[in-house]
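Text of start30.pdb, listed as PDB, C-alpha atoms:
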ATOM      1  CA  MET A  20      25.110 -11.505  -4.054
ATOM      2  CA  LYS A  21      23.535  -8.253  -2.805
ATOM      3  CA  LYS A  22      20.251  -9.058  -4.531
ATOM      4  CA  LEU A  23      20.302 -12.586  -3.116
ATOM      5  CA  CYS A  24      20.832 -11.267   0.422
ATOM      6  CA  ILE A  25      17.905  -8.860   0.050
ATOM      7  CA  LEU A  26      15.674 -11.609  -1.313
ATOM      8  CA  LEU A  27      16.589 -13.899   1.577
ATOM      9  CA  ALA A  28      15.909 -11.174   4.133
ATOM     10  CA  LEU A  29      12.586 -10.387   2.499
ATOM     11  CA  LEU A  30      11.646 -14.063   2.444
ATOM     12  CA  LEU A  31      12.422 -14.306   6.145
ATOM     13  CA  GLY A  32      10.112 -11.363   6.699
ATOM     14  CA  LEU A  33       7.420 -13.190   4.765
ATOM     15  CA  CYS A  34       7.785 -16.324   6.905
ATOM     16  CA  ALA A  35       5.458 -14.903   9.538
ATOM     17  CA  LEU A  36       2.776 -14.355   6.914
ATOM     18  CA  ALA A  37       2.946 -17.891   5.602
ATOM     19  CA  ALA A  38       3.689 -19.897   8.721
ATOM     20  CA  CYS A  39       0.200 -21.408   8.857
ATOM     21  CA  LYS A  40      -0.128 -22.049   5.106
ATOM     22  CA  LYS A  41       0.305 -25.462   3.483
ATOM     23  CA  THR A  42       1.454 -24.316   0.073
ATOM     24  CA  PRO A  43       4.985 -25.246  -1.082
ATOM     25  CA  PRO A  44       7.794 -24.480  -1.689
ATOM     26  CA  VAL A  45       9.676 -24.973   1.574
ATOM     27  CA  ILE A  46      12.610 -22.714   2.384
ATOM     28  CA  PRO A  47      15.489 -24.600   4.078
ATOM     29  CA  THR A  48      15.950 -23.997   7.786
ATOM     30  CA  THR A  49      18.597 -21.575   9.057
ATOM     31  CA  ALA A  50      20.752 -21.822  12.163
ATOM     32  CA  ALA A  51      18.231 -19.693  14.031
ATOM     33  CA  THR A  52      15.289 -22.028  13.341
ATOM     34  CA  THR A  53      14.466 -25.623  14.080
ATOM     35  CA  GLU A  54      11.681 -26.042  11.545
ATOM     36  CA  PRO A  55      11.622 -25.157   7.826
ATOM     37  CA  ALA A  56       9.525 -22.097   7.002
ATOM     38  CA  ILE A  57       6.742 -22.750   4.521
ATOM     39  CA  ILE A  58       6.445 -19.889   2.040
ATOM     40  CA  THR A  59       3.447 -19.461  -0.225
ATOM     41  CA  THR A  60       3.720 -18.871  -3.951
ATOM     42  CA  ALA A  61       2.197 -15.410  -3.362
ATOM     43  CA  ALA A  62       4.911 -14.635  -0.812
ATOM     44  CA  LEU A  63       7.640 -15.678  -3.228
ATOM     45  CA  ALA A  64       6.121 -13.468  -5.915
ATOM     46  CA  ALA A  65       5.989 -10.565  -3.449
ATOM     47  CA  ALA A  66       9.634 -11.067  -2.517
ATOM     48  CA  ASP A  67      10.621 -10.916  -6.179
ATOM     49  CA  ALA A  68       8.436  -7.864  -6.853
ATOM     50  CA  TYR A  69       9.673  -5.895  -3.837
ATOM     51  CA  ALA A  70      13.359  -6.789  -4.263
ATOM     52  CA  PRO A  71      14.154  -3.853  -6.626
ATOM     53  CA  ILE A  72      12.621  -1.404  -4.116
ATOM     54  CA  LEU A  73      14.747  -2.808  -1.309
ATOM     55  CA  GLU A  74      17.853  -2.744  -3.507
ATOM     56  CA  GLU A  75      17.238   0.944  -4.196
ATOM     57  CA  TYR A  76      16.506   1.529  -0.519
ATOM     58  CA  ALA A  77      19.805  -0.091   0.487
ATOM     59  CA  ARG A  78      21.668   2.007  -2.072
ATOM     60  CA  LEU A  79      20.094   5.224  -0.810
ATOM     61  CA  VAL A  80      20.846   4.352   2.802
ATOM     62  CA  GLN A  81      24.470   3.998   1.718
ATOM     63  CA  THR A  82      24.405   7.501   0.201
ATOM     64  CA  LEU A  83      22.854   8.826   3.412
ATOM     65  CA  ARG A  84      25.584   7.175   5.457
ATOM     66  CA  ASP A  85      28.205   8.706   3.169
ATOM     67  CA  GLY A  86      26.634  12.155   3.510
ATOM     68  CA  GLU A  87      25.702  12.341  -0.169
ATOM     69  CA  PRO A  88      21.922  11.778  -0.336
ATOM     70  CA  ASP A  89      19.956  12.663  -3.457
ATOM     71  CA  TYR A  90      16.689  14.028  -2.071
ATOM     72  CA  ASP A  91      14.817  13.538  -5.349
ATOM     73  CA  GLU A  92      15.712   9.846  -5.358
ATOM     74  CA  TRP A  93      14.560   9.508  -1.747
ATOM     75  CA  GLU A  94      11.275  11.243  -2.499
ATOM     76  CA  ALA A  95      10.723   8.908  -5.449
ATOM     77  CA  LEU A  96      10.847   6.086  -2.897
ATOM     78  CA  GLY A  97       8.228   7.833  -0.761
ATOM     79  CA  PHE A  98      10.454   9.568   1.800
ATOM     80  CA  VAL A  99       9.509  13.194   2.401
ATOM     81  CA  GLU A 100      11.895  14.423   5.121
ATOM     82  CA  VAL A 101      15.281  12.978   4.229
ATOM     83  CA  SER A 102      16.856  16.429   4.457
ATOM     84  CA  TYR A 103      16.193  16.244   8.222
ATOM     85  CA  PHE A 104      17.510  12.698   8.682
ATOM     86  CA  GLU A 105      20.701  12.014  10.577
ATOM     87  CA  TYR A 106      22.126   8.643   9.680
ATOM     88  CA  LYS A 107      22.019   6.123  12.527
ATOM     89  CA  GLU A 108      23.063   2.544  11.919
ATOM     90  CA  GLY A 109      20.060   0.231  12.030
ATOM     91  CA  ALA A 110      17.513   3.056  12.295
ATOM     92  CA  LEU A 111      16.124   2.618   8.789
ATOM     93  CA  GLY A 112      14.524  -0.636   7.757
ATOM     94  CA  TYR A 113      11.362  -2.303   6.571
ATOM     95  CA  ALA A 114       8.666  -4.828   7.380
ATOM     96  CA  VAL A 115       6.514  -7.094   5.254
ATOM     97  CA  LYS A 116       2.944  -7.528   6.462
ATOM     98  CA  ASP A 117      -0.389  -8.501   4.968
ATOM     99  CA  ILE A 118      -2.241  -5.633   6.621
ATOM    100  CA  ASN A 119      -5.745  -6.532   5.389
ATOM    101  CA  GLY A 120      -5.676 -10.324   5.279
ATOM    102  CA  ASP A 121      -6.172 -10.672   1.526
ATOM    103  CA  GLY A 122      -3.042 -12.777   1.033
ATOM    104  CA  ILE A 123      -1.073  -9.944  -0.606
ATOM    105  CA  PRO A 124       1.853  -8.834   1.596
ATOM    106  CA  GLU A 125       2.468  -5.100   1.877
ATOM    107  CA  LEU A 126       5.937  -3.564   2.128
ATOM    108  CA  LEU A 127       6.449  -0.869   4.772
ATOM    109  CA  LEU A 128       9.598   1.242   4.732
ATOM    110  CA  LEU A 129      10.217   2.229   8.327
ATOM    111  CA  GLU A 130      12.310   4.341  10.681
ATOM    112  CA  ASN A 131      12.938   2.700  14.038
ATOM    113  CA  ASP A 132      14.241   5.741  15.916
ATOM    114  CA  SER A 133      11.730   8.487  15.336
ATOM    115  CA  TRP A 134       8.369   9.977  16.332
ATOM    116  CA  GLY A 135       5.354   7.789  16.983
ATOM    117  CA  ASN A 136       4.141   5.576  19.781
ATOM    118  CA  PRO A 137       6.858   4.203  22.068
ATOM    119  CA  GLY A 138       8.378   1.176  20.406
ATOM    120  CA  GLU A 139       6.457   1.720  17.166
ATOM    121  CA  PRO A 140       8.517   2.028  13.984
ATOM    122  CA  ALA A 141       7.474   5.142  12.078
ATOM    123  CA  ILE A 142       6.026   4.433   8.640
ATOM    124  CA  ASN A 143       7.687   6.435   5.876
ATOM    125  CA  SER A 144       6.351   4.691   2.769
ATOM    126  CA  LEU A 145       3.777   1.949   2.153
ATOM    127  CA  PHE A 146       3.545  -0.325  -0.892
ATOM    128  CA  THR A 147       1.142  -3.008  -2.039
ATOM    129  CA  LEU A 148       1.014  -5.154  -5.156
ATOM    130  CA  LYS A 149      -1.365  -4.697  -8.061
ATOM    131  CA  ASP A 150      -1.148  -7.180 -10.920
ATOM    132  CA  GLY A 151       2.135  -8.331  -9.418
ATOM    133  CA  LYS A 152       3.728  -4.873  -9.474
ATOM    134  CA  PRO A 153       4.532  -2.611  -6.483
ATOM    135  CA  VAL A 154       2.303   0.437  -6.016
ATOM    136  CA  ASN A 155       3.034   3.196  -3.512
ATOM    137  CA  ILE A 156      -0.160   3.865  -1.566
ATOM    138  CA  GLY A 157       1.015   5.985   1.361
ATOM    139  CA  GLN A 158       3.717   8.462   2.373
ATOM    140  CA  TYR A 159       4.148   9.736   5.916
ATOM    141  CA  TRP A 160       6.426  12.113   7.837
ATOM    142  CA  SER A 161       6.656  13.920  11.178
ATOM    143  CA  ARG A 162       3.859  16.394  10.342
ATOM    144  CA  HIS A 163       1.744  13.678   8.737
ATOM    145  CA  ARG A 164       2.193  10.649  10.952
ATOM    146  CA  GLY A 165       0.710   7.277  10.083
ATOM    147  CA  HIS A 166      -0.127   4.653  12.720
ATOM    148  CA  LEU A 167      -1.152   1.134  11.697
ATOM    149  CA  ALA A 168      -3.764  -0.362  14.032
ATOM    150  CA  ALA A 169      -4.089  -4.093  14.627
ATOM    151  CA  ASP A 170      -7.259  -4.264  12.527
ATOM    152  CA  GLY A 171      -5.428  -2.780   9.501
ATOM    153  CA  THR A 172      -6.802   0.749   9.871
ATOM    154  CA  ILE A 173      -4.246   3.485   9.219
ATOM    155  CA  TYR A 174      -4.756   6.506  11.478
ATOM    156  CA  THR A 175      -3.030   9.706  10.403
ATOM    157  CA  VAL A 176      -2.403  12.963  12.220
ATOM    158  CA  GLY A 177      -1.368  15.897  10.054
ATOM    159  CA  SER A 178      -0.604  19.552  10.642
ATOM    160  CA  SER A 179       0.140  22.426   8.300
ATOM    161  CA  SER A 180       0.306  25.142  10.965
ATOM    162  CA  ALA A 181      -0.187  25.807  14.655
ATOM    163  CA  TRP A 182      -3.956  26.032  14.172
ATOM    164  CA  SER A 183      -4.486  23.428  11.461
ATOM    165  CA  THR A 184      -4.666  19.771  12.500
ATOM    166  CA  TYR A 185      -6.045  16.908  10.417
ATOM    167  CA  LEU A 186      -7.273  13.551  11.684
ATOM    168  CA  ASP A 187      -7.949  10.876   9.083
ATOM    169  CA  SER A 188      -8.300   7.119   8.908
ATOM    170  CA  TYR A 189      -7.875   4.797   5.936
ATOM    171  CA  ALA A 190      -8.262   1.140   5.024
ATOM    172  CA  LEU A 191      -6.758  -0.972   2.282
ATOM    173  CA  GLU A 192      -9.630  -2.995   0.846
ATOM    174  CA  PRO A 193      -8.805  -6.554  -0.298
ATOM    175  CA  GLY A 194      -7.158  -6.478  -3.715
ATOM    176  CA  ALA A 195      -7.164  -2.664  -3.860
ATOM    177  CA  ALA A 196      -4.243  -0.535  -5.052
ATOM    178  CA  GLU A 197      -5.239   2.610  -3.153
ATOM    179  CA  LEU A 198      -6.430   3.435   0.335
ATOM    180  CA  THR A 199     -10.098   4.028   1.145
ATOM    181  CA  HIS A 200     -10.693   7.222   3.142
ATOM    182  CA  LEU A 201     -12.793   6.233   6.169
ATOM    183  CA  THR A 202     -12.995   9.280   8.442
ATOM    184  CA  GLU A 203     -11.944  12.919   8.189
ATOM    185  CA  TYR A 204     -11.739  15.680  10.795
ATOM    186  CA  TYR A 205      -9.853  18.954  10.794
ATOM    187  CA  THR A 206      -9.489  22.266  12.540
ATOM    188  CA  ASP A 207      -8.556  25.641  11.047
ATOM    189  CA  ILE A 208      -9.223  29.359  11.315
ATOM    190  CA  ASP A 209     -11.448  31.586   9.167
ATOM    191  CA  ASP A 210     -10.621  34.974   7.616
ATOM    192  CA  GLN A 211     -11.283  36.648  10.965
ATOM    193  CA  GLU A 212      -8.933  34.163  12.646
ATOM    194  CA  ASN A 213     -11.757  32.437  14.490
ATOM    195  CA  GLN A 214     -10.996  28.793  15.229
ATOM    196  CA  PHE A 215     -13.399  26.115  13.999
ATOM    197  CA  TRP A 216     -13.575  22.308  14.041
ATOM    198  CA  VAL A 217     -15.067  20.153  11.285
ATOM    199  CA  ARG A 218     -16.195  16.592  10.614
ATOM    200  CA  VAL A 219     -16.483  15.555   6.944
ATOM    201  CA  VAL A 220     -19.156  12.972   6.130
ATOM    202  CA  ASP A 221     -19.787  11.908   2.508
ATOM    203  CA  GLY A 222     -18.047  15.077   1.358
ATOM    204  CA  ALA A 223     -20.248  17.351   3.506
ATOM    205  CA  GLN A 224     -18.674  19.475   6.239
ATOM    206  CA  GLU A 225     -20.293  19.536   9.673
ATOM    207  CA  ASN A 226     -19.145  21.798  12.503
ATOM    208  CA  ILE A 227     -18.274  20.089  15.767
ATOM    209  CA  THR A 228     -17.063  21.437  19.097
ATOM    210  CA  GLU A 229     -13.474  21.765  20.238
ATOM    211  CA  ALA A 230     -14.183  19.213  22.963
ATOM    212  CA  GLU A 231     -15.473  16.684  20.404
ATOM    213  CA  PHE A 232     -12.359  17.161  18.285
ATOM    214  CA  ASP A 233      -9.977  16.944  21.242
ATOM    215  CA  ALA A 234     -11.616  13.706  22.388
ATOM    216  CA  LEU A 235     -10.748  12.131  19.019
ATOM    217  CA  VAL A 236      -7.066  13.066  19.004
ATOM    218  CA  PRO A 237      -5.739  10.241  21.262
ATOM    219  CA  LYS A 238      -7.359   7.580  19.059
ATOM    220  CA  TYR A 239      -5.538   8.933  16.007
ATOM    221  CA  GLU A 240      -2.228   9.767  17.705
ATOM    222  CA  GLU A 241      -1.974   6.564  19.734
ATOM    223  CA  PRO A 242      -4.338   3.783  18.606
ATOM    224  CA  ALA A 243      -4.969   1.405  21.493
ATOM    225  CA  ASN A 244      -3.871  -1.689  19.563
ATOM    226  CA  LEU A 245      -1.071  -1.392  17.031
ATOM    227  CA  MET A 246      -0.277  -3.990  14.404
ATOM    228  CA  LYS A 247       2.906  -5.859  15.232
ATOM    229  CA  LEU A 248       5.609  -5.198  12.670
ATOM    230  CA  ASP A 249       8.828  -7.231  12.540
ATOM    231  CA  PHE A 250      11.362  -4.517  11.828
ATOM    232  CA  ILE A 251      14.253  -5.589   9.565
ATOM    233  CA  PRO A 252      17.116  -3.038   9.534
ATOM    234  CA  ILE A 253      18.673  -2.155   6.212
ATOM    235  CA  GLY A 254      22.031  -0.490   5.758
TER
END
What do you get writing this file as structure tokens?
Amino acid sequence: MKKLCILLALLLGLCALAACKKTPPVIPTTAATTEPAIITTAALAAADAYAPILEEYARLVQTLRDGEPDYDEWEALGFVEVSYFEYKEGALGYAVKDINGDGIPELLLLENDSWGNPGEPAINSLFTLKDGKPVNIGQYWSRHRGHLAADGTIYTVGSSSAWSTYLDSYALEPGAAELTHLTEYYTDIDDQENQFWVRVVDGAQENITEAEFDALVPKYEEPANLMKLDFIPIG
């Protein structure tokens, strides 16, 4: 029964991806809908492939609620900061979204009550499918935030210290099982504790000014257009 409930919830999340498709089968309508939702074969396959991840996720949320989390098990799922989590009902969940338009839905494990843009669920772990099997392609946390823009670009802001900040952007190419690194900027200090700012292009480091770096930060911290994610609470 638990697996069936997870599959049904995942299929409902996939409805938005397949609403304009014409491929059967048709999932029967629920009380909340007036029209049957048409789900593609690819969406059904994704629901089946992601179901074990969501079953494990639900189990781990239960252990978090009971105050008995296994941090190694959480990290295996892509969560880095579980030791700092305080359980809040409905705060943890997921979304299913084809973020690059290649017909393969991605699974995003989310936190709905955390850092990030106002109203934006924080991404903790990102999965795609390769040869029908889930592949973890991204892990994010408070000091390495990931923001998903409407065009599918993932903007990240990272920090390892008060003087070290990293700005990066990534894309998931159609059919790929790993992210492509698009842009890279960072700031740090040298051995004499002098601050410097860097842009990396084709592996080569180029110095830029503090003003140039600071002008980039808003784009990475708060992309103007975020991708809409239908948050589904779990646990």
Using only C-alpha atoms, which residues sit within 8 Å of A:Arg218 once same-chain residues fewer than 2 positions away are excluded, as a PyMOL selection string? chain A and resi 203-205+216+220+224-227
Please evaluate the PyMOL selection byres ((chain A and resi 167-184) around 9) against the structure above and give the resulting residues as a ChimeraX atom specification. /A:117-120,142,159-166,185-191,201,204-208,214,236,238-247
Please report the interatomic distance between atom CA of A:Ala230 and atom CA of A:Gly138 in Å with one decimal. 29.0 Å
If I take atom CA of A:Ala223 and atom CA of A:Gly194, how far is one from the other in Å, to one decimal?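 Distance reported for this atom pair: 28.1 Å.
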Among the residues A:Ile253, A:Pro124, A:Asp150, A:Leu129, the one that comes closest to A:Ala77 [using only C-alpha atoms]: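 The answer is A:Ile253, which sits nearest to A:Ala77.
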Given the file shown, enumerate the residues that the PyMOL selection byres ((chain A and resi 81-88) around 9) captures and present them as a short mmCIF file (atom, residue, chain, number, x, y, z; two decimals) with C-alpha atoms, keeping the file's coordinate frame.
data_model
loop_
_atom_site.label_atom_id
_atom_site.label_comp_id
_atom_site.auth_asym_id
_atom_site.auth_seq_id
_atom_site.Cartn_x
_atom_site.Cartn_y
_atom_site.Cartn_z
CA TYR A 76 16.51 1.53 -0.52
CA ALA A 77 19.80 -0.09 0.49
CA ARG A 78 21.67 2.01 -2.07
CA LEU A 79 20.09 5.22 -0.81
CA VAL A 80 20.85 4.35 2.80
CA ASP A 89 19.96 12.66 -3.46
CA TYR A 90 16.69 14.03 -2.07
CA ASP A 91 14.82 13.54 -5.35
CA GLU A 92 15.71 9.85 -5.36
CA TRP A 93 14.56 9.51 -1.75
CA VAL A 101 15.28 12.98 4.23
CA SER A 102 16.86 16.43 4.46
CA PHE A 104 17.51 12.70 8.68
CA GLU A 105 20.70 12.01 10.58
CA TYR A 106 22.13 8.64 9.68
CA LYS A 107 22.02 6.12 12.53
CA GLU A 108 23.06 2.54 11.92
CA GLY A 254 22.03 -0.49 5.76
#
One decimal, in Å: what's the spacing between atom CA of A:Leu111 and atom CA of A:Ala61? 25.8 Å
